[in-house]
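Text of the file query_26.tsv, holding TSV, C-alpha atoms and all ligand atoms:
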```
chain	number	residue	atom	x	y	z
H	1	MET	CA	-7.53	-8.98	-22.58
H	2	ALA	CA	-6.58	-11.27	-25.45
H	3	LEU	CA	-2.87	-11.72	-25.31
H	4	LEU	CA	-1.56	-11.82	-28.84
H	5	LYS	CA	1.86	-13.40	-29.09
H	6	PRO	CA	3.91	-10.47	-30.37
H	7	LEU	CA	5.51	-11.44	-33.63
H	8	PRO	CA	8.82	-10.01	-34.62
H	9	PRO	CA	8.01	-7.57	-37.41
H	10	GLY	CA	10.07	-9.58	-39.87
H	11	GLU	CA	9.24	-10.89	-43.32
H	12	ALA	CA	6.80	-13.53	-42.13
H	13	PHE	CA	4.89	-10.95	-40.18
H	14	TRP	CA	4.43	-8.60	-43.12
H	15	LYS	CA	3.46	-11.52	-45.36
H	16	ARG	CA	0.66	-12.35	-42.95
H	17	VAL	CA	-0.47	-8.72	-43.03
H	18	GLN	CA	-0.35	-8.70	-46.82
H	19	ARG	CA	-2.31	-11.92	-47.06
H	20	GLY	CA	-4.90	-10.35	-44.80
H	21	GLU	CA	-4.42	-13.01	-42.13
H	22	LEU	CA	-3.82	-10.27	-39.59
H	23	GLY	CA	-6.33	-7.45	-39.20
H	24	THR	CA	-5.12	-3.88	-38.83
H	25	LEU	CA	-5.86	-3.79	-35.13
H	26	ALA	CA	-4.27	-7.15	-34.47
H	27	ALA	CA	-1.20	-6.10	-36.45
H	28	LEU	CA	-0.91	-2.84	-34.55
H	29	GLU	CA	-1.38	-4.66	-31.29
H	30	ALA	CA	1.32	-7.15	-32.21
H	31	LEU	CA	3.72	-4.38	-33.19
H	32	GLY	CA	3.11	-2.35	-30.08
H	33	GLY	CA	2.73	-5.39	-27.86
H	34	GLU	CA	4.54	-6.08	-24.65
H	35	PRO	CA	7.61	-8.33	-24.81
H	36	ALA	CA	6.79	-12.03	-25.03
H	37	GLY	CA	5.86	-13.55	-21.70
H	38	ALA	CA	5.97	-10.33	-19.73
H	39	GLY	CA	2.28	-9.66	-20.21
H	40	LEU	CA	1.32	-13.04	-18.86
H	41	GLU	CA	3.57	-12.80	-15.85
H	42	ASN	CA	2.27	-9.35	-15.02
H	43	ARG	CA	-1.24	-10.69	-15.31
H	44	ALA	CA	-0.60	-13.34	-12.67
H	45	ALA	CA	1.12	-10.85	-10.36
H	46	LEU	CA	-1.78	-8.46	-10.84
H	47	GLN	CA	-4.34	-11.11	-9.97
H	48	GLU	CA	-2.38	-12.05	-6.88
H	49	ALA	CA	-2.17	-8.47	-5.64
H	50	LEU	CA	-5.87	-7.91	-6.32
H	51	ALA	CA	-6.74	-11.07	-4.39
H	52	GLU	CA	-4.67	-9.84	-1.43
H	53	LEU	CA	-6.45	-6.50	-1.58
H	54	GLU	CA	-9.79	-8.28	-1.54
H	55	GLN	CA	-8.69	-10.28	1.52
H	56	LEU	CA	-8.07	-7.20	3.63
H	57	VAL	CA	-10.72	-6.54	6.23
H	58	GLY	CA	-12.95	-3.49	5.70
H	59	LEU	CA	-11.47	-0.58	3.67
H	60	LYS	CA	-14.52	-0.57	1.43
H	61	ASP	CA	-13.93	2.87	-0.09
H	62	VAL	CA	-10.21	2.30	-0.61
H	63	LYS	CA	-10.88	-1.00	-2.37
H	64	GLN	CA	-13.48	0.68	-4.54
H	65	VAL	CA	-11.09	3.43	-5.67
H	66	VAL	CA	-8.28	0.96	-6.38
H	67	GLU	CA	-10.72	-1.14	-8.41
H	68	GLU	CA	-11.84	1.92	-10.38
H	69	LEU	CA	-8.24	2.84	-11.03
H	70	ARG	CA	-7.43	-0.62	-12.31
H	71	ALA	CA	-10.44	-0.58	-14.62
H	72	TYR	CA	-9.60	2.92	-15.83
H	73	ILE	CA	-6.03	2.00	-16.73
H	74	GLU	CA	-7.13	-1.15	-18.56
H	75	ILE	CA	-9.81	0.73	-20.49
H	76	GLN	CA	-7.34	3.50	-21.35
H	77	LYS	CA	-5.10	0.88	-22.93
H	78	LYS	CA	-7.98	-0.47	-24.98
H	79	ARG	CA	-8.99	3.07	-25.95
H	80	SER	CA	-5.53	3.89	-27.20
H	81	ARG	CA	-5.61	0.82	-29.40
H	82	HIS	CA	-8.66	2.37	-31.03
H	83	HIS	CA	-6.84	5.71	-31.28
H	84	LEU	CA	-9.15	7.36	-28.77
H	85	LYS	CA	-7.93	10.24	-26.69
H	86	ASN	CA	-6.91	9.54	-23.08
H	87	GLU	CA	-6.61	11.86	-20.15
H	88	PRO	CA	-3.08	11.77	-18.74
H	89	LEU	CA	-2.91	9.49	-15.72
H	90	VAL	CA	-2.19	11.29	-12.48
H	91	LEU	CA	-1.67	8.73	-9.78
H	92	HIS	CA	-0.09	10.81	-7.03
H	93	THR	CA	-2.26	10.26	-3.99
H	94	VAL	CA	-2.85	11.53	-0.47
H	95	PHE	CA	-3.59	8.88	2.17
H	96	LYS	CA	-5.37	10.29	5.22
H	97	GLY	CA	-5.83	8.29	8.38
H	98	ASN	CA	-4.64	7.30	11.83
H	99	PRO	CA	-1.79	4.87	12.51
H	100	GLY	CA	-2.42	1.20	11.77
H	101	THR	CA	-5.31	1.78	9.39
H	102	GLY	CA	-3.60	0.04	6.47
H	103	LYS	CA	-1.92	2.93	4.63
H	104	THR	CA	1.46	1.28	4.13
H	105	THR	CA	-0.19	-2.04	3.32
H	106	ILE	CA	-2.32	-0.44	0.59
H	107	ALA	CA	0.61	1.54	-0.81
H	108	ARG	CA	2.62	-1.67	-1.17
H	109	LEU	CA	-0.29	-3.43	-2.88
H	110	LEU	CA	-0.87	-0.46	-5.16
H	111	GLY	CA	2.75	-0.67	-6.29
H	112	ARG	CA	2.28	-4.32	-7.22
H	113	ILE	CA	-1.01	-3.58	-8.98
H	114	LEU	CA	0.49	-0.73	-11.01
H	115	LYS	CA	3.38	-2.98	-11.94
H	116	GLY	CA	0.95	-5.68	-12.98
H	117	LEU	CA	-0.86	-3.17	-15.15
H	118	GLY	CA	2.40	-2.10	-16.75
H	119	VAL	CA	2.14	1.45	-15.39
H	120	LEU	CA	5.24	1.18	-13.21
H	121	PRO	CA	8.23	-0.96	-14.23
H	122	GLN	CA	9.23	-2.01	-10.69
H	123	GLY	CA	6.32	-1.11	-8.46
H	124	HIS	CA	8.48	-1.26	-5.34
H	125	LEU	CA	7.74	0.87	-2.30
H	126	VAL	CA	10.25	3.31	-0.88
H	127	GLU	CA	8.91	4.46	2.48
H	128	VAL	CA	10.50	7.54	4.00
H	129	GLU	CA	9.82	10.23	6.55
H	130	ARG	CA	10.99	13.76	7.12
H	131	ALA	CA	14.44	12.80	8.39
H	132	ASP	CA	15.19	10.88	5.17
H	133	LEU	CA	14.54	13.96	3.06
H	134	VAL	CA	15.50	16.95	5.15
H	135	GLY	CA	19.13	17.69	5.90
H	136	GLU	CA	20.91	19.80	8.45
H	137	TYR	CA	22.93	22.22	6.35
H	138	ILE	CA	22.68	23.98	3.03
H	139	GLY	CA	22.84	21.50	0.16
H	140	HIS	CA	22.19	18.51	2.42
H	141	THR	CA	18.43	18.43	1.74
H	142	ALA	CA	18.91	18.49	-2.03
H	143	GLN	CA	21.34	15.60	-1.78
H	144	LYS	CA	19.08	13.52	0.47
H	145	THR	CA	15.88	14.19	-1.45
H	146	ARG	CA	17.51	13.43	-4.82
H	147	GLU	CA	18.85	10.16	-3.49
H	148	VAL	CA	15.40	9.15	-2.24
H	149	LEU	CA	13.81	10.13	-5.55
H	150	LYS	CA	16.36	8.07	-7.42
H	151	LYS	CA	15.62	5.01	-5.30
H	152	ALA	CA	11.89	5.41	-5.89
H	153	LEU	CA	12.05	5.70	-9.69
H	154	GLY	CA	9.98	2.96	-11.26
H	155	GLY	CA	8.00	2.50	-8.07
H	156	ILE	CA	6.18	4.34	-5.32
H	157	LEU	CA	7.62	6.99	-3.04
H	158	PHE	CA	5.64	6.91	0.19
H	159	ILE	CA	6.20	9.79	2.58
H	160	ASP	CA	4.83	9.01	6.01
H	161	GLU	CA	3.69	11.88	8.21
H	162	ALA	CA	4.30	14.12	5.22
H	163	TYR	CA	2.79	17.12	7.00
H	164	SER	CA	5.97	17.33	9.07
H	165	LEU	CA	7.73	18.69	5.96
H	166	GLY	CA	5.69	21.85	6.47
H	167	ARG	CA	6.81	22.17	10.05
H	168	GLY	CA	9.01	25.16	10.68
H	169	GLY	CA	7.64	27.31	7.87
H	170	GLU	CA	9.40	29.16	5.09
H	171	ARG	CA	12.97	29.02	6.39
H	172	ASP	CA	12.96	25.38	7.32
H	173	PHE	CA	14.76	22.91	5.04
H	174	GLY	CA	11.44	21.02	4.85
H	175	LYS	CA	10.27	23.70	2.45
H	176	GLU	CA	13.23	22.94	0.22
H	177	ALA	CA	12.36	19.24	0.23
H	178	ILE	CA	8.79	20.09	-0.84
H	179	ASP	CA	10.08	22.22	-3.74
H	180	LEU	CA	12.42	19.43	-4.82
H	181	LEU	CA	9.59	16.92	-4.71
H	182	VAL	CA	7.42	19.17	-6.87
H	183	LYS	CA	10.28	19.47	-9.32
H	184	GLY	CA	10.80	15.70	-9.23
H	185	MET	CA	7.15	15.18	-10.07
H	186	GLU	CA	7.64	17.41	-13.09
H	187	ASP	CA	10.95	15.89	-14.25
H	188	TYR	CA	9.98	12.27	-13.74
H	189	ARG	CA	6.34	12.69	-14.63
H	190	ASN	CA	5.70	9.07	-15.60
H	191	ASP	CA	8.43	7.38	-13.64
H	192	PHE	CA	7.11	7.19	-10.11
H	193	VAL	CA	4.03	7.67	-8.00
H	194	LEU	CA	4.15	9.86	-4.92
H	195	ILE	CA	1.98	9.04	-1.94
H	196	LEU	CA	1.78	11.47	0.96
H	197	ALA	CA	0.40	9.94	4.14
H	198	GLY	CA	-0.58	11.19	7.57
H	199	TYR	CA	-3.30	12.13	10.00
H	200	ARG	CA	-6.31	13.60	8.23
H	201	ARG	CA	-6.35	17.02	9.87
H	202	GLU	CA	-2.61	17.54	9.66
H	203	MET	CA	-2.55	16.55	5.99
H	204	GLU	CA	-5.39	18.85	5.06
H	205	HIS	CA	-3.77	21.76	6.87
H	206	PHE	CA	-0.41	21.02	5.26
H	207	LEU	CA	-1.85	20.79	1.73
H	208	ALA	CA	-3.82	24.00	2.18
H	209	LEU	CA	-0.55	25.78	2.98
H	210	ASN	CA	1.27	24.25	-0.02
H	211	PRO	CA	-0.95	24.78	-3.07
H	212	GLY	CA	1.91	24.09	-5.50
H	213	LEU	CA	2.14	20.61	-4.08
H	214	SER	CA	-1.53	19.89	-3.44
H	215	SER	CA	-2.60	20.81	-6.98
H	216	ARG	CA	-0.69	17.76	-8.19
H	217	PHE	CA	-2.76	15.33	-6.18
H	218	SER	CA	-6.13	14.49	-7.59
H	219	LEU	CA	-6.69	11.38	-5.52
H	220	HIS	CA	-7.39	11.54	-1.81
H	221	LEU	CA	-8.05	8.32	0.09
H	222	ASP	CA	-9.53	8.21	3.57
H	223	PHE	CA	-8.49	5.42	5.91
H	224	PRO	CA	-11.07	5.36	8.69
H	225	ASP	CA	-10.44	3.76	12.06
H	226	TYR	CA	-11.49	0.13	12.17
H	227	SER	CA	-14.53	-0.88	14.18
H	228	ILE	CA	-14.06	-3.36	17.00
H	229	ALA	CA	-15.72	-6.04	14.86
H	230	GLU	CA	-13.24	-5.33	12.04
H	231	LEU	CA	-10.30	-5.43	14.45
H	232	MET	CA	-11.50	-8.82	15.71
H	233	GLN	CA	-11.71	-10.05	12.12
H	234	ILE	CA	-8.17	-8.75	11.53
H	235	ALA	CA	-7.00	-10.60	14.66
H	236	ASP	CA	-8.55	-13.79	13.31
H	237	LEU	CA	-6.91	-13.31	9.94
H	238	MET	CA	-3.49	-12.59	11.46
H	239	ALA	CA	-3.72	-15.58	13.81
H	240	THR	CA	-4.85	-17.94	11.03
H	241	GLU	CA	-2.05	-16.79	8.73
H	242	ARG	CA	0.43	-17.70	11.45
H	243	HIS	CA	-1.27	-21.05	12.20
H	244	TYR	CA	-2.67	-19.89	15.51
H	245	ARG	CA	-6.18	-19.44	16.80
H	246	LEU	CA	-7.77	-17.62	19.70
H	247	SER	CA	-9.71	-19.56	22.30
H	248	PRO	CA	-13.24	-18.23	22.99
H	249	GLY	CA	-11.97	-16.78	26.28
H	250	ALA	CA	-9.05	-15.07	24.50
H	251	LYS	CA	-11.44	-13.61	21.95
H	252	SER	CA	-13.73	-12.02	24.46
H	253	TYR	CA	-10.74	-10.74	26.41
H	254	LEU	CA	-9.24	-9.22	23.28
H	255	ARG	CA	-12.54	-7.59	22.34
H	256	ARG	CA	-12.79	-5.91	25.74
H	257	PHE	CA	-9.14	-4.90	25.66
H	258	LEU	CA	-9.47	-3.26	22.22
H	259	LEU	CA	-12.63	-1.43	23.22
H	260	GLU	CA	-10.91	-0.09	26.30
H	261	GLN	CA	-7.81	1.00	24.39
H	262	LYS	CA	-9.90	2.66	21.71
H	263	GLN	CA	-11.73	4.70	24.30
H	264	LYS	CA	-8.62	5.51	26.28
H	265	GLU	CA	-6.33	6.45	23.40
H	266	ALA	CA	-8.79	8.15	21.03
H	267	PHE	CA	-6.11	9.93	18.94
H	268	ASN	CA	-3.23	7.53	19.45
H	269	PHE	CA	-5.12	4.31	19.00
H	270	SER	CA	-3.04	2.31	16.56
H	271	ASN	CA	-5.79	0.13	15.08
H	272	ALA	CA	-4.56	-2.99	13.28
H	273	ARG	CA	-1.00	-2.40	14.48
H	274	LEU	CA	-2.16	-2.73	18.09
H	275	VAL	CA	-3.84	-6.01	17.14
H	276	ARG	CA	-0.64	-7.30	15.55
H	277	ASN	CA	1.58	-6.27	18.45
H	278	THR	CA	-0.85	-7.72	21.00
H	279	LEU	CA	-1.03	-10.97	19.09
H	280	GLU	CA	2.72	-11.26	18.67
H	281	ARG	CA	3.25	-10.69	22.35
H	282	ALA	CA	0.63	-13.33	23.13
H	283	MET	CA	2.49	-15.78	20.88
H	284	ARG	CA	5.65	-15.27	22.92
H	285	ARG	CA	3.75	-15.68	26.17
H	286	GLN	CA	2.06	-18.81	24.90
H	287	ALA	CA	5.48	-20.25	24.04
H	288	LEU	CA	6.74	-19.54	27.53
H	289	ARG	CA	3.62	-21.05	29.10
H	290	LEU	CA	3.92	-24.22	26.99
H	291	SER	CA	7.66	-24.60	27.53
H	292	LYS	CA	7.08	-24.66	31.28
H	293	LYS	CA	4.72	-27.61	31.02
H	294	PRO	CA	6.20	-31.01	31.85
H	295	LEU	CA	4.36	-32.75	29.02
H	296	GLU	CA	4.97	-32.41	25.28
H	297	PRO	CA	2.34	-29.91	24.03
H	298	THR	CA	-0.29	-31.21	21.62
H	299	ARG	CA	-0.89	-29.75	18.19
H	300	ASP	CA	-4.02	-28.13	19.55
H	301	GLU	CA	-2.13	-26.51	22.43
H	302	LEU	CA	0.60	-25.32	20.06
H	303	MET	CA	-2.03	-23.55	18.02
H	304	THR	CA	-4.16	-22.02	20.72
H	305	ILE	CA	-3.76	-18.59	22.29
H	306	GLU	CA	-5.49	-18.61	25.65
H	307	LYS	CA	-6.81	-15.68	27.61
H	308	THR	CA	-3.84	-15.86	30.00
H	309	ASP	CA	-1.47	-15.25	27.08
H	310	LEU	CA	-3.20	-11.95	26.36
H	311	ALA	CA	-3.88	-10.69	29.86
H	312	GLU	CA	-1.81	-7.77	31.12
H	313	ASP	CA	0.33	-8.53	34.16
H	314	GLY	CA	-1.78	-8.26	37.25
H	315	TYR	CA	-4.73	-7.07	35.21
H	316	GLU	CA	-6.68	-10.25	34.96
H	317	SER	CA	-5.62	-13.76	34.19
D	1	LIG	N1	-7.65	-4.23	6.63
D	1	LIG	C1	-6.67	-4.99	7.12
D	1	LIG	N2	-6.77	-6.33	7.13
D	1	LIG	C2	-5.79	-7.07	7.63
D	1	LIG	N3	-4.64	-6.60	8.17
D	1	LIG	C3	-4.47	-5.27	8.18
D	1	LIG	C4	-5.47	-4.40	7.66
D	1	LIG	N4	-5.03	-3.12	7.81
D	1	LIG	C5	-3.84	-3.19	8.39
D	1	LIG	N5	-3.47	-4.47	8.62
D	1	LIG	C6	-2.23	-4.91	9.26
D	1	LIG	O1	-1.97	-4.02	10.34
D	1	LIG	C7	-0.61	-3.65	10.42
D	1	LIG	C8	-0.48	-2.14	10.31
D	1	LIG	O2	-0.90	-1.71	9.03
D	1	LIG	P1	-0.14	-0.56	8.20
D	1	LIG	O3	-0.48	-0.71	6.77
D	1	LIG	O4	1.31	-0.56	8.55
D	1	LIG	O5	-0.84	0.75	8.80
D	1	LIG	P2	-0.43	2.30	8.62
D	1	LIG	O6	0.58	2.38	7.54
D	1	LIG	O7	-1.72	2.99	8.31
D	1	LIG	O8	0.12	2.74	9.94
D	1	LIG	C9	0.08	-4.42	9.31
D	1	LIG	O9	0.62	-5.58	9.88
D	1	LIG	C10	-1.03	-4.77	8.35
D	1	LIG	O10	-0.75	-5.95	7.66
D	2	MG	MG	2.55	3.11	7.76
```

As structure tokens, the full file:
Amino acid sequence: MALLKPLPPGEAFWKRVQRGELGTLAALEALGGEPAGAGLENRAALQEALAELEQLVGLKDVKQVVEELRAYIEIQKKRSRHHLKNEPLVLHTVFKGNPGTGKTTIARLLGRILKGLGVLPQGHLVEVERADLVGEYIGHTAQKTREVLKKALGGILFIDEAYSLGRGGERDFGKEAIDLLVKGMEDYRNDFVLILAGYRREMEHFLALNPGLSSRFSLHLDFPDYSIAELMQIADLMATERHYRLSPGAKSYLRRFLLEQKQKEAFNFSNARLVRNTLERAMRRQALRLSKKPLEPTRDELMTIEKTDLAEDGYES
């Protein structure tokens, strides 16, 4: 996008228009332009967020949808400059997937991308769950939900395990929170984006029971479980970011461990979160192992996670 320096619509500006130095479109663009500098800054922030998105392992479909959304918003802007009709943007989204599949990570990136595109002024993420919205007595839920909505204005409101709002049925205060959210979506139509997240089956069941809510979500994103190969790539990425690396022995141990956990846990397998927690524990164990050595550890030793740092107590070392 060509970034025209917005001119103040003063005398000099109109003179340029009169002299024909500024075409109609350029003049309109300058008049309706973003404040000086802001456009450029947003551009850099946008590129940074998009690069981080690209860096994430897997998530092919999610990346594709985010990319489409970005393109759609940019083209809409260009279309409106040509006075072409645009569909209203509905960005409220349902994220469906197991724990640790990248839902919060993507929501945070989406906030930054929407800010970069100028769709949201702040683009911050407010992450809540049932207890942050639902109160214990009459009037309490309204107060809590309104407070949360207020915090999220200008950014993204992310409700984790959103299906739990439907727990307890008609007389539960969760129902009241849902109604208030629907009203909030109406009242602050362009001021925030709502993301409901949770297990696929629970979310689908919940939305089927709440048509007033579900009709407001046109986007549904699936977050599939990561394959073992993807989890190993994530482990590599996480280790590298922290200036660590896994020895070949540690790698093959980790691969076996993840496979075993995936089979054992099936529904509770926490994907990339398990990788992060396992790695962070290994870093602490490595530190303990190195601090017990009489000699000053080398740079190589400081960086390397060995199999013994990963092994469960008494499991195998
Ligand atoms: N595709 C990915 N590539 C790299 N790291 C990831 C990826 N998905 C998730 N992670 C990391 O795994 C951890 C858990 O991810 P998170 O977004 O909190 O999952 P969820 O919200 O679905 O439970 C975070 O530390 C995150 O940075
Ligand atoms: Mg999460």

Next on the checklist: Neighbouring residues of ligand LIG 1 (chain D) are defined here as those with any atom at most 9 Å from a ligand atom, counting only C-alpha atoms and all ligand atoms; list them as a PyMOL selection string.
Outcome noted: chain H and resi 53+55-59+95-108+160+197-198+223+226+230-231+233-235+237-238+270-277

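The gap separating CA of Ala208 in chain H from CA of Phe173 in chain H is 18.8 Å, in Å to one decimal.
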
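Interatomic distance, CA of Asn42 in chain H against CA of Gly118 in chain H: 7.5 Å.
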
Checklist entry - Smallest atom-to-atom distance to ligand MG 2 (chain D): which of H:Ala282, H:Met185, H:Ile195, H:Ile138, using all atoms listed in the file? => result H:Ile195

Near Ala49 in chain H, counting all atoms listed in the file, which residues have an atom at most 7 Å away, once you skip same-chain residues fewer than 4 positions from it, shown as a PDB file with C-alpha atoms, in the frame of the given file?
```pdb
ATOM      1  CA  ALA H  45       1.120 -10.850 -10.360  1.00  0.00           C
ATOM      2  CA  LEU H  53      -6.450  -6.500  -1.580  1.00  0.00           C
ATOM      3  CA  LEU H 109      -0.290  -3.430  -2.880  1.00  0.00           C
ATOM      4  CA  ARG H 112       2.280  -4.320  -7.220  1.00  0.00           C
ATOM      5  CA  ILE H 113      -1.010  -3.580  -8.980  1.00  0.00           C
TER       6      ILE H 113
END
```
